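**Student:** What follows is the file protein36.cif, containing mmCIF, C-alpha atoms:
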data_structure
#
loop_
_atom_site.label_atom_id
_atom_site.label_comp_id
_atom_site.auth_asym_id
_atom_site.auth_seq_id
_atom_site.Cartn_x
_atom_site.Cartn_y
_atom_site.Cartn_z
CA MET X 1 8.19 -5.64 -17.45
CA THR X 2 7.81 -2.39 -19.32
CA GLU X 3 8.29 1.12 -18.19
CA THR X 4 6.41 4.23 -19.17
CA THR X 5 8.47 7.00 -20.71
CA ASP X 6 7.85 10.72 -20.39
CA ALA X 7 5.56 10.43 -23.40
CA GLY X 8 3.06 8.42 -21.35
CA GLU X 9 3.45 5.35 -23.53
CA THR X 10 5.94 2.52 -23.72
CA GLY X 11 8.62 2.48 -26.35
CA HIS X 12 8.05 5.91 -27.91
CA PRO X 13 9.47 8.88 -25.99
CA LYS X 14 8.66 12.42 -26.96
CA ARG X 15 10.84 13.81 -29.67
CA TYR X 16 12.53 17.10 -29.04
CA HIS X 17 10.72 20.36 -29.32
CA HIS X 18 11.84 23.77 -28.14
CA GLY X 19 12.59 23.90 -24.43
CA ASN X 20 12.32 20.15 -23.85
CA LEU X 21 15.68 18.80 -24.96
CA VAL X 22 16.82 17.49 -21.58
CA GLU X 23 13.54 15.66 -20.97
CA ALA X 24 13.60 14.20 -24.48
CA LEU X 25 17.16 12.92 -24.02
CA ILE X 26 16.34 11.34 -20.66
CA ALA X 27 13.26 9.64 -22.13
CA ALA X 28 15.30 8.40 -25.09
CA THR X 29 17.95 7.02 -22.73
CA VAL X 30 15.37 5.12 -20.68
CA GLU X 31 14.02 3.65 -23.91
CA ILE X 32 17.47 2.51 -25.05
CA ILE X 33 18.17 0.84 -21.70
CA ALA X 34 14.81 -0.92 -21.65
CA GLU X 35 15.26 -2.20 -25.20
CA ARG X 36 18.97 -2.95 -25.46
CA GLY X 37 20.64 -2.56 -22.08
CA VAL X 38 22.66 0.18 -20.48
CA GLU X 39 25.79 -0.86 -22.39
CA GLN X 40 24.24 0.49 -25.58
CA VAL X 41 23.64 3.97 -24.19
CA SER X 42 25.68 6.86 -25.54
CA VAL X 43 25.02 10.57 -25.76
CA ARG X 44 24.98 10.34 -29.54
CA GLU X 45 22.53 7.42 -29.54
CA ALA X 46 20.23 9.33 -27.20
CA ALA X 47 20.41 12.30 -29.56
CA LYS X 48 19.48 10.09 -32.49
CA ARG X 49 16.50 8.68 -30.59
CA ALA X 50 15.39 12.15 -29.56
CA GLY X 51 15.61 13.36 -33.15
CA VAL X 52 18.31 16.02 -32.67
CA SER X 53 21.77 16.54 -34.10
CA PRO X 54 24.62 14.49 -32.56
CA GLY X 55 26.21 17.57 -31.05
CA ALA X 56 23.08 19.06 -29.50
CA PRO X 57 23.09 17.08 -26.23
CA PHE X 58 26.66 18.00 -25.32
CA ARG X 59 25.53 21.41 -24.06
CA HIS X 60 23.81 19.51 -21.26
CA PHE X 61 25.54 16.12 -21.02
CA ARG X 62 29.24 15.86 -21.77
CA SER X 63 29.43 12.14 -21.05
CA LYS X 64 27.40 8.97 -20.74
CA ALA X 65 27.79 9.18 -16.95
CA ALA X 66 26.31 12.68 -16.92
CA LEU X 67 23.34 11.51 -18.99
CA LEU X 68 22.74 8.49 -16.75
CA THR X 69 23.06 10.69 -13.68
CA ALA X 70 20.22 12.81 -15.05
CA VAL X 71 18.14 9.64 -15.46
CA ALA X 72 18.97 8.76 -11.84
CA GLU X 73 17.90 12.22 -10.68
CA GLN X 74 14.57 11.80 -12.43
CA ALA X 75 14.25 8.38 -10.83
CA MET X 76 15.02 9.76 -7.36
CA ASP X 77 12.41 12.51 -7.75
CA ARG X 78 9.79 9.91 -8.63
CA LEU X 79 10.90 7.49 -5.91
CA THR X 80 10.73 10.26 -3.31
CA ALA X 81 7.21 11.10 -4.44
CA ALA X 82 6.15 7.43 -4.28
CA VAL X 83 7.56 7.06 -0.77
CA ALA X 84 5.87 10.28 0.39
CA GLU X 85 2.53 9.13 -1.01
CA ALA X 86 2.83 5.77 0.75
CA GLN X 87 3.73 7.44 4.05
CA ALA X 88 0.76 9.80 3.78
CA ALA X 89 -1.58 6.80 3.71
CA ALA X 90 0.00 5.19 6.80
CA ASP X 91 -1.07 5.53 10.43
CA GLY X 92 0.68 8.71 11.55
CA ALA X 93 0.70 7.61 15.17
CA ASP X 94 2.53 4.35 14.44
CA PRO X 95 6.21 4.88 13.55
CA LEU X 96 6.72 1.28 12.48
CA ALA X 97 3.74 1.54 10.15
CA ALA X 98 5.43 4.57 8.59
CA VAL X 99 8.72 2.64 8.21
CA GLU X 100 6.83 -0.16 6.51
CA ALA X 101 5.09 2.38 4.25
CA ILE X 102 8.46 3.70 3.12
CA GLY X 103 9.46 0.18 2.14
CA GLN X 104 6.17 -0.59 0.45
CA GLY X 105 6.34 2.64 -1.55
CA TYR X 106 9.89 1.83 -2.58
CA LEU X 107 8.99 -1.71 -3.66
CA GLN X 108 5.90 -0.68 -5.61
CA TRP X 109 7.84 2.02 -7.44
CA ALA X 110 10.87 -0.17 -8.18
CA ILE X 111 8.87 -3.06 -9.60
CA ALA X 112 6.85 -0.69 -11.79
CA ASN X 113 9.98 1.14 -12.98
CA PRO X 114 12.76 -1.43 -13.46
CA THR X 115 14.85 0.69 -15.81
CA HIS X 116 14.94 3.69 -13.51
CA PHE X 117 15.62 1.34 -10.59
CA GLN X 118 18.60 -0.16 -12.42
CA ILE X 119 20.19 3.23 -12.98
CA ILE X 120 19.52 4.70 -9.56
CA SER X 121 20.90 1.55 -7.91
CA SER X 122 24.32 1.49 -9.55
CA ARG X 123 27.02 3.80 -8.25
CA LYS X 124 29.23 2.56 -11.11
CA LEU X 125 26.98 4.01 -13.81
CA ILE X 126 26.30 7.44 -12.32
CA ASP X 127 28.18 10.23 -10.59
CA PHE X 128 26.28 10.06 -7.32
CA GLU X 129 28.61 12.29 -5.34
CA ALA X 130 28.41 15.09 -7.91
CA SER X 131 24.61 15.27 -7.73
CA ASP X 132 23.25 17.42 -4.91
CA SER X 133 19.71 16.20 -5.52
CA LEU X 134 20.63 12.52 -5.41
CA ARG X 135 22.62 12.91 -2.22
CA SER X 136 20.11 15.12 -0.44
CA GLN X 137 17.04 13.06 -1.29
CA ASN X 138 18.77 9.81 -0.45
CA GLU X 139 19.89 11.24 2.88
CA ALA X 140 16.40 12.59 3.58
CA ILE X 141 14.93 9.09 3.29
CA ARG X 142 17.67 7.65 5.49
CA GLN X 143 17.13 10.31 8.15
CA ARG X 144 13.38 9.81 8.04
CA MET X 145 13.82 6.09 8.63
CA ALA X 146 16.21 6.75 11.50
CA ALA X 147 13.81 9.21 13.12
CA LEU X 148 10.87 6.81 12.82
CA LEU X 149 12.83 3.89 14.26
CA THR X 150 14.09 6.08 17.09
CA GLU X 151 10.51 7.02 17.89
CA ALA X 152 9.44 3.37 17.67
CA LYS X 153 12.15 2.52 20.19
CA ARG X 154 11.01 5.35 22.48
CA GLN X 155 7.42 4.06 22.32
CA GLY X 156 8.54 0.56 23.24
CA GLN X 157 7.87 -0.96 19.83
CA LEU X 158 11.52 -2.03 19.60
CA ALA X 159 13.71 -3.68 22.20
CA PRO X 160 15.59 -1.15 24.39
CA GLU X 161 18.93 -2.46 23.14
CA SER X 162 18.01 -2.04 19.47
CA ASP X 163 20.69 -0.34 17.37
CA VAL X 164 18.76 2.15 15.22
CA ASP X 165 21.58 2.67 12.71
CA LEU X 166 21.86 -1.07 12.09
CA LEU X 167 18.10 -1.35 11.76
CA VAL X 168 18.13 1.38 9.12
CA LEU X 169 20.82 -0.53 7.24
CA ALA X 170 19.04 -3.88 7.59
CA SER X 171 15.72 -2.41 6.48
CA ARG X 172 17.27 -0.76 3.44
CA ALA X 173 19.14 -3.94 2.52
CA PHE X 174 16.04 -6.09 2.91
CA VAL X 175 13.84 -3.91 0.72
CA TYR X 176 16.55 -3.38 -1.87
CA GLY X 177 17.16 -7.13 -2.02
CA LEU X 178 13.47 -7.89 -2.52
CA ALA X 179 13.25 -5.33 -5.32
CA ARG X 180 16.41 -6.65 -6.97
CA MET X 181 15.19 -10.26 -6.82
CA ALA X 182 11.80 -9.35 -8.25
CA ILE X 183 13.23 -7.30 -11.11
CA ASP X 184 15.94 -9.85 -11.91
CA GLY X 185 13.40 -12.69 -12.06
CA HIS X 186 14.43 -14.79 -9.05
CA PHE X 187 10.98 -15.35 -7.57
CA PRO X 188 10.01 -18.39 -9.71
CA GLU X 189 12.86 -20.30 -8.02
CA TRP X 190 12.67 -18.81 -4.53
CA HIS X 191 8.96 -18.17 -4.05
CA PRO X 192 6.76 -19.51 -6.85
CA ALA X 193 3.62 -19.58 -4.71
CA GLU X 194 2.45 -16.05 -5.46
CA PRO X 195 3.19 -13.10 -7.77
CA PRO X 196 6.34 -11.13 -6.89
CA ALA X 197 4.43 -7.89 -6.31
CA LEU X 198 2.39 -9.63 -3.59
CA ALA X 199 5.26 -11.65 -2.18
CA VAL X 200 7.46 -8.62 -1.57
CA ARG X 201 4.68 -6.84 0.31
CA ARG X 202 4.08 -9.87 2.53
CA ALA X 203 7.80 -10.40 3.11
CA LEU X 204 8.26 -6.80 4.20
CA ARG X 205 5.35 -7.06 6.61
CA LEU X 206 6.95 -10.18 8.11
CA PHE X 207 10.29 -8.38 8.43
CA ILE X 208 8.72 -5.44 10.26
CA SER X 209 6.87 -7.78 12.62
CA ARG X 210 10.10 -9.57 13.46
CA ILE X 211 12.14 -6.48 14.24
CA ALA X 212 9.32 -5.33 16.48
CA GLY X 213 8.88 -8.69 18.13
CA LEU X 214 5.16 -7.99 18.09
CA PRO X 215 2.34 -9.52 16.04
CA ARG X 216 1.22 -7.29 13.16
CA SER X 217 -1.85 -8.30 11.18
#
Would you mind writing the file's structure down as structure tokens?

**Tutor:**
Amino acid sequence: MTETTDAGETGHPKRYHHGNLVEALIAATVEIIAERGVEQVSVREAAKRAGVSPGAPFRHFRSKAALLTAVAEQAMDRLTAAVAEAQAAADGADPLAAVEAIGQGYLQWAIANPTHFQIISSRKLIDFEASDSLRSQNEAIRQRMAALLTEAKRQGQLAPESDVDLLVLASRAFVYGLARMAIDGHFPEWHPAEPPALAVRRALRLFISRIAGLPRS
């Protein structure tokens, strides 16, 4: 799988021009990860890829973790947009349909953007707690899921004894696991019958139908 950089093409991020250094460094970092793995990322290597002096990035990123956190913030912005777009297309009167839409938006984005997904997923690579945007956007999605599942329970779509917090956790874990398996190449062994992008959508629909206990076409 390939991933599109900020330049709108694979493998060739924009080189720095005035006022665009941060974006150029992030694009260069994504390129390095996609080509050689996250272990090969350094602030100096990103500077080299972006076509600037080795010291230039340190005004913005004093460490590899800071640079990768910026990549994660970009990823979270794009993930949030993908989830919002998927929700907008869902049936607004059906809270479980909206929960499913969140998952489908997440899966579609993750499979299309494996490098960003890798960085945003690892708390060992980034400084999650230091980033207000990462924490707030992550919490916004969690709260939205909780609110939708609470409404689904109120409408009788879930069993009265359903634990909403555990359902939020289970839903997140299920979707994350599907994305991880697809990106890491596990589907040929576990589900060779259809392409991963289709299989994850069908699996999520099955999951939603089972937590509801109701047939969903």

**Student:** Once the PyMOL selection byres ((chain X and resi 162-172) around 10) is applied to the coordinates I shared, what remains selected? I want it as a ChimeraX atom specification.

**Tutor:** /X:99-100,102-103,106,142-153,158-161,173-177,204,207-208,211-212

**Student:** What would the selection look like, as a ChimeraX atom specification, if the PyMOL selection byres ((chain X and resi 182) around 12) were run on the coordinates I just shared?

**Tutor:** /X:1,107-108,110-114,117,175-181,183-192,194-201

**Student:** Tell me which of X:Ala24, X:Ala89, X:Ala66, X:Val30 sits closest to Gln104 in chain X, counting all atoms listed in the file.

**Tutor:**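 Looking at the shortest contact to Gln104 in chain X, the residue is X:Ala89.
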
**Student:** So, with all atoms listed in the file as the atoms that count, which of X:Arg135, X:Asp127, X:Ala93, X:Glu31 lies closest to Ser63 in chain X?

**Tutor:** X:Asp127

**Student:** One number please: CA of Gln157 in chain X to CA of Asp91 in chain X, in Å, one decimal.

**Tutor:** 14.5 Å

**Student:** I would like the residues chosen by the PyMOL selection byres ((chain X and resi 78) around 12) on the shown file; could you give them as a list in words?

**Tutor:** Asp6, Val71, Ala72, Glu73, Gln74, Ala75, Met76, Asp77, Leu79, Thr80, Ala81, Ala82, Val83, Ala84, Glu85, Gly105, Tyr106, Gln108, Trp109, Ala110, Ala112, Asn113, His116, Phe117, Ile120, Leu134 and Gln137 of chain X

**Student:** Please, can range 50-71 of chain X be completed to N, CA, C and O atoms and returned as a PDB file, in the coordinates of the input?

**Tutor:**
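And here is the file that came out, part.pdb:
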ATOM      1  N   ALA X  50      16.184  10.944 -29.842  1.00  0.00           N
ATOM      2  CA  ALA X  50      15.390  12.150 -29.560  1.00  0.00           C
ATOM      3  C   ALA X  50      15.143  12.985 -30.801  1.00  0.00           C
ATOM      4  O   ALA X  50      14.354  13.935 -30.763  1.00  0.00           O
ATOM      5  N   GLY X  51      15.836  12.653 -31.897  1.00  0.00           N
ATOM      6  CA  GLY X  51      15.610  13.360 -33.150  1.00  0.00           C
ATOM      7  C   GLY X  51      16.334  14.682 -33.245  1.00  0.00           C
ATOM      8  O   GLY X  51      15.840  15.625 -33.889  1.00  0.00           O
ATOM      9  N   VAL X  52      17.527  14.790 -32.603  1.00  0.00           N
ATOM     10  CA  VAL X  52      18.310  16.020 -32.670  1.00  0.00           C
ATOM     11  C   VAL X  52      19.694  15.700 -33.227  1.00  0.00           C
ATOM     12  O   VAL X  52      20.078  14.543 -33.344  1.00  0.00           O
ATOM     13  N   SER X  53      20.442  16.731 -33.541  1.00  0.00           N
ATOM     14  CA  SER X  53      21.770  16.540 -34.100  1.00  0.00           C
ATOM     15  C   SER X  53      22.695  15.904 -33.067  1.00  0.00           C
ATOM     16  O   SER X  53      22.506  16.085 -31.854  1.00  0.00           O
ATOM     17  N   PRO X  54      23.726  15.171 -33.499  1.00  0.00           N
ATOM     18  CA  PRO X  54      24.620  14.490 -32.560  1.00  0.00           C
ATOM     19  C   PRO X  54      25.294  15.422 -31.564  1.00  0.00           C
ATOM     20  O   PRO X  54      25.593  15.008 -30.436  1.00  0.00           O
ATOM     21  N   GLY X  55      25.524  16.655 -31.949  1.00  0.00           N
ATOM     22  CA  GLY X  55      26.210  17.570 -31.050  1.00  0.00           C
ATOM     23  C   GLY X  55      25.305  18.303 -30.071  1.00  0.00           C
ATOM     24  O   GLY X  55      25.792  18.858 -29.079  1.00  0.00           O
ATOM     25  N   ALA X  56      24.005  18.273 -30.328  1.00  0.00           N
ATOM     26  CA  ALA X  56      23.080  19.060 -29.500  1.00  0.00           C
ATOM     27  C   ALA X  56      23.102  18.704 -28.019  1.00  0.00           C
ATOM     28  O   ALA X  56      23.075  19.596 -27.161  1.00  0.00           O
ATOM     29  N   PRO X  57      23.164  17.416 -27.653  1.00  0.00           N
ATOM     30  CA  PRO X  57      23.090  17.080 -26.230  1.00  0.00           C
ATOM     31  C   PRO X  57      24.291  17.530 -25.411  1.00  0.00           C
ATOM     32  O   PRO X  57      24.190  17.649 -24.185  1.00  0.00           O
ATOM     33  N   PHE X  58      25.430  17.765 -26.065  1.00  0.00           N
ATOM     34  CA  PHE X  58      26.660  18.000 -25.320  1.00  0.00           C
ATOM     35  C   PHE X  58      26.656  19.342 -24.588  1.00  0.00           C
ATOM     36  O   PHE X  58      27.511  19.592 -23.741  1.00  0.00           O
ATOM     37  N   ARG X  59      25.684  20.199 -24.867  1.00  0.00           N
ATOM     38  CA  ARG X  59      25.530  21.410 -24.060  1.00  0.00           C
ATOM     39  C   ARG X  59      25.045  21.054 -22.657  1.00  0.00           C
ATOM     40  O   ARG X  59      25.271  21.805 -21.719  1.00  0.00           O
ATOM     41  N   HIS X  60      24.378  19.929 -22.538  1.00  0.00           N
ATOM     42  CA  HIS X  60      23.810  19.510 -21.260  1.00  0.00           C
ATOM     43  C   HIS X  60      24.534  18.308 -20.658  1.00  0.00           C
ATOM     44  O   HIS X  60      24.703  18.236 -19.436  1.00  0.00           O
ATOM     45  N   PHE X  61      24.945  17.369 -21.491  1.00  0.00           N
ATOM     46  CA  PHE X  61      25.540  16.120 -21.020  1.00  0.00           C
ATOM     47  C   PHE X  61      26.841  15.869 -21.781  1.00  0.00           C
ATOM     48  O   PHE X  61      26.805  15.513 -22.957  1.00  0.00           O
ATOM     49  N   ARG X  62      27.943  16.021 -21.106  1.00  0.00           N
ATOM     50  CA  ARG X  62      29.240  15.860 -21.770  1.00  0.00           C
ATOM     51  C   ARG X  62      29.723  14.419 -21.788  1.00  0.00           C
ATOM     52  O   ARG X  62      30.750  14.120 -22.399  1.00  0.00           O
ATOM     53  N   SER X  63      29.009  13.533 -21.108  1.00  0.00           N
ATOM     54  CA  SER X  63      29.430  12.140 -21.050  1.00  0.00           C
ATOM     55  C   SER X  63      28.228  11.243 -20.809  1.00  0.00           C
ATOM     56  O   SER X  63      27.145  11.701 -20.418  1.00  0.00           O
ATOM     57  N   LYS X  64      28.439   9.959 -21.033  1.00  0.00           N
ATOM     58  CA  LYS X  64      27.400   8.970 -20.740  1.00  0.00           C
ATOM     59  C   LYS X  64      27.040   9.005 -19.254  1.00  0.00           C
ATOM     60  O   LYS X  64      25.862   8.924 -18.896  1.00  0.00           O
ATOM     61  N   ALA X  65      28.055   9.139 -18.399  1.00  0.00           N
ATOM     62  CA  ALA X  65      27.790   9.180 -16.950  1.00  0.00           C
ATOM     63  C   ALA X  65      26.903  10.360 -16.580  1.00  0.00           C
ATOM     64  O   ALA X  65      26.013  10.241 -15.736  1.00  0.00           O
ATOM     65  N   ALA X  66      27.135  11.501 -17.207  1.00  0.00           N
ATOM     66  CA  ALA X  66      26.310  12.680 -16.920  1.00  0.00           C
ATOM     67  C   ALA X  66      24.865  12.450 -17.352  1.00  0.00           C
ATOM     68  O   ALA X  66      23.923  12.838 -16.648  1.00  0.00           O
ATOM     69  N   LEU X  67      24.686  11.803 -18.506  1.00  0.00           N
ATOM     70  CA  LEU X  67      23.340  11.510 -18.990  1.00  0.00           C
ATOM     71  C   LEU X  67      22.633  10.519 -18.062  1.00  0.00           C
ATOM     72  O   LEU X  67      21.470  10.719 -17.693  1.00  0.00           O
ATOM     73  N   LEU X  68      23.341   9.480 -17.647  1.00  0.00           N
ATOM     74  CA  LEU X  68      22.740   8.490 -16.750  1.00  0.00           C
ATOM     75  C   LEU X  68      22.483   9.079 -15.369  1.00  0.00           C
ATOM     76  O   LEU X  68      21.515   8.695 -14.695  1.00  0.00           O
ATOM     77  N   THR X  69      23.302  10.019 -14.955  1.00  0.00           N
ATOM     78  CA  THR X  69      23.060  10.690 -13.680  1.00  0.00           C
ATOM     79  C   THR X  69      21.758  11.484 -13.739  1.00  0.00           C
ATOM     80  O   THR X  69      20.991  11.524 -12.768  1.00  0.00           O
ATOM     81  N   ALA X  70      21.490  12.097 -14.877  1.00  0.00           N
ATOM     82  CA  ALA X  70      20.220  12.810 -15.050  1.00  0.00           C
ATOM     83  C   ALA X  70      19.040  11.856 -14.991  1.00  0.00           C
ATOM     84  O   ALA X  70      17.991  12.185 -14.426  1.00  0.00           O
ATOM     85  N   VAL X  71      19.195  10.664 -15.567  1.00  0.00           N
ATOM     86  CA  VAL X  71      18.140   9.640 -15.460  1.00  0.00           C
ATOM     87  C   VAL X  71      17.942   9.272 -13.991  1.00  0.00           C
ATOM     88  O   VAL X  71      16.807   9.146 -13.503  1.00  0.00           O
TER      89      VAL X  71
END
